[in-house]
Structures are given as structure tokens and as C-alpha cells.
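One structure is given below, encoded as C-alpha cells.
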Amino acid sequence: MRTMLKSAMLLVAIFFALAPAGAWAYSYGDANKEDVAETFKLVVSSLGKSPADWNAAEAAHKERREEIVSHFGEDVAAALDANLKARDAELTIANYKAILIMNLDRRFDNALQSIADYTQAKLLLAKARATYEALAPYAEAKLTPEALNGLSADFDAALDAIGNPGLFGVGRKDADAEALKADANKIYGALKPLFPYTPASGGGANPDEAAQAAEPDAIDGTKQHAAMARESKTNPAVTVGVIAGIVVVGGGTVWAARRKGWL
């Protein structure tokens with residue numbers, strides 16, 4: 001019985017040591033990239049050409065439009081449509097910067113709602129930071145170096161606030177929702193005034209009210225956002241093959257160990 005137990009334990013250890021995490025993991029894509037921020041970069045580069053490449057800018061926006069509607073509303077997407085149609089490069093870029101501010105609100109708000117799930121909260125903070133990094137070159141002209149360093153420190157503090165599950169409980173640190181909320185609002189509060197949103201004219205809505213709806217004053221972790229797209233990159237056939245291979249290799253290792261008298 002003892003020999004069988006040792007064999008089973010060794011096989012399990014080999015299984016976890018050899019199995020690639022991707023064999024059963026789900027992926028949300030590159031944690032350090034944010035799709036809306038990448039589209040913003042494409043729009044800026046297209047409109048920065050001489051002459052401006054409006055076709056490329058419109059194509060980039062069209063690809064991201066459905067997501068913009070999903071997360072920020074039809075009015076916001078329509079404002080960008082109007083900016084592009086009017087060939088107003090300055091306003092198009094300015095409103096895309098404002099969308100990144102809205103995205104910071106979205107990512108921070110969802111991180112607060114997901115704080116009990118360390119992996120999810122950490123991913124959302126990485127997306128928030130990627131959003132900020134797209135804005136950082138423009139913030140540099142508006143903020144002091146000390147303020148910029150403070151924002152970076154606030155992101156570090158936000159990451160610390162979600163705690164750490166530790167390894168088998170070792171090094172565990174509980175999450176602090178209030179600290180996360182405070183750090184998120186420091187960042188959001190410093191950046192929001194720098195990149196205001198300009199609603200499209202017409203439509204009957206009060207522009208100030210429309211802008212307020214698009215960009216709330218504070219992040220509180222209670223707003224409803226469209227679900228984050230979850231993409232499984234797991235290939236079941238590959239997973240089965242990998243596990244089968246691990247079992248064979250592990251079984252062979254146990255057999256060899258028993259022959260040599262190690263078990």
C-alpha cells in the first residue's frame with residue numbers, strides 16, 4: 001500500500017510539473033494590450049500622416065465601433081462617426097482620448113466588482129494600465145513629472161490592493177476594496193479633466209448631461225458594464241494529447257524508479 005501511495009504521489013507531481021498551463025487554461029489575450037487603446041493608436045497614426053489617411057482611420061474605428069457601443073453607448077460611437085465624417089482630425093483624436101478615460105472607468109469599476117477573483121482583478125488592472133500608457137504621452141504635456149510619477153505609484157498601489165492568494169495559502173494577502181477604490185479614483189480624477197469628451201451636436205440632448213453620462217465623476221464599483229469577451233484558446237484535442245503524453249511519461253518514470261528500488 002505504501003509503495004502504491006508513493007507511486008501515485010510521484011505520478012501526480014510529474015503530471016503537474018510537466019503539464020503546460022495552456023493545456024487547460026483560458027485566455028483573455030495579451031493582458032498588456034487594450035483593444036480600444038490600440039485602435040486609438042491606429043487612428044492617431046493615420047491622421048498624423050500628410051495627407052491624413054482618413055480611410056485607414058475610418059476602417060480602424062469601424063472595426064472597434066461595436067465594442068464602443070457595447071461599453072460606452074451609441075451616442076459616443078455616433079459622435080466619433082460625426083467627427084470622422086466632418087474630417088475633423090483634432091476632434092476625432094480628442095474624443096478618442098476621452099474614450100480611453102471612459103475605458104479607465106470601465107476597467108477600474110470591473111476590477112472593484114471582481115476583487116474577490118484575484119486573477120480577473122489583476123487582468124483588469126493590467127488593461128487599465130495599458131489604457132493609461134496610451135494616454136501617457138499626452139498627459140506628459142499637461143502634468144508635472146512628480147504628478148506622472150504619482151500616477152505610476154498609484155497603479156502599483158492598486159495592484160497591491162487586490163491582495164495575493166499566495167501559494168497554497170503561503171504569502172496570502174487579503175484584498176482591500178476601499179484601497180483599490182481610492183487608488184483608482186486618484187488616477188481617474190487626475191486624468192479625466194485633461195481629456196474631455198465632446199458630444200455630437202444635435203440630437204436634442206443637453207451636451208453637458210451627455211458628457212457627464214459618458215464620463216462619471218467617480219469610480220464606485222457599482223456600474224453595469226457589458227461582459228468582458230472571454231475567448232478560450234484551448235484546443236480539446238491538444239489538451240487530451242498532452243495529458244495522455246504526460247500520463248505515459250509519468251508512468252514510465254514511476255516504472256523505472258520502481259525497478260531501481262527508489263520506490
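Labels used: A, B, ... for chains in the order of the C-alpha cells, numbers from 1 for residues in each chain, and numbers from 1 for ligands as shown.
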
Give me, as CSV, the closest atom pair and its distance (Å, one decimal) for every residue of stretch 109-176 of chain A within a cut-off of 8 Å of stretch 31-43 of chain A, counting only C-alpha atoms, rows sorted by chain and rising number.
```
residue,atom,partner,partner_atom,distance
A:Leu123,CA,A:Ala31,CA,5.9
A:Ala126,CA,A:Asn32,CA,5.8
A:Lys127,CA,A:Glu34,CA,5.6
A:Ala128,CA,A:Glu34,CA,7.9
A:Arg129,CA,A:Asn32,CA,7.8
A:Ala130,CA,A:Asn32,CA,5.7
A:Thr131,CA,A:Ala37,CA,5.6
A:Ala134,CA,A:Ala37,CA,6.1
```

- Message: Would you pick out the contacts of A:Leu84 at 12 Å or less, using only C-alpha atoms, so that residues sharing its chain but fewer than 6 positions from it are not included, and give the list as number ranges by chain?
- Response: A: 43, 46-47, 52-62, 77-78, 90-96, 200

- Item | atom CA of A:Phe155 to atom CA of A:Met102, distance in Å rounded to a single decimal |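 These two atoms are separated by 16.9 Å.
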
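Using only C-alpha atoms, the protein and nucleic acid residues lying no more than 9 Å from A:Ala184, apart from those fewer than 6 places from it along its own chain, are Leu104, Asp105, Phe108, Asp109, Asp154, Phe155, Ala158 and Ile219 of chain A.
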
- Task: Step one, run DSSP on the backbone; step two, keep only residues of stretch 71-181 of chain A assigned to alpha helix (DSSP H); then write them as an NGL selection string.
- Result: :A and (71-72 or 74-85 or 89-113 or 118-139 or 145-161 or 177-181)

- atom CA of A:Ala98 to atom CA of A:Glu215, distance in Å rounded to a single decimal: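 Separation between atom CA of A:Ala98 and atom CA of A:Glu215: 8.2 Å.
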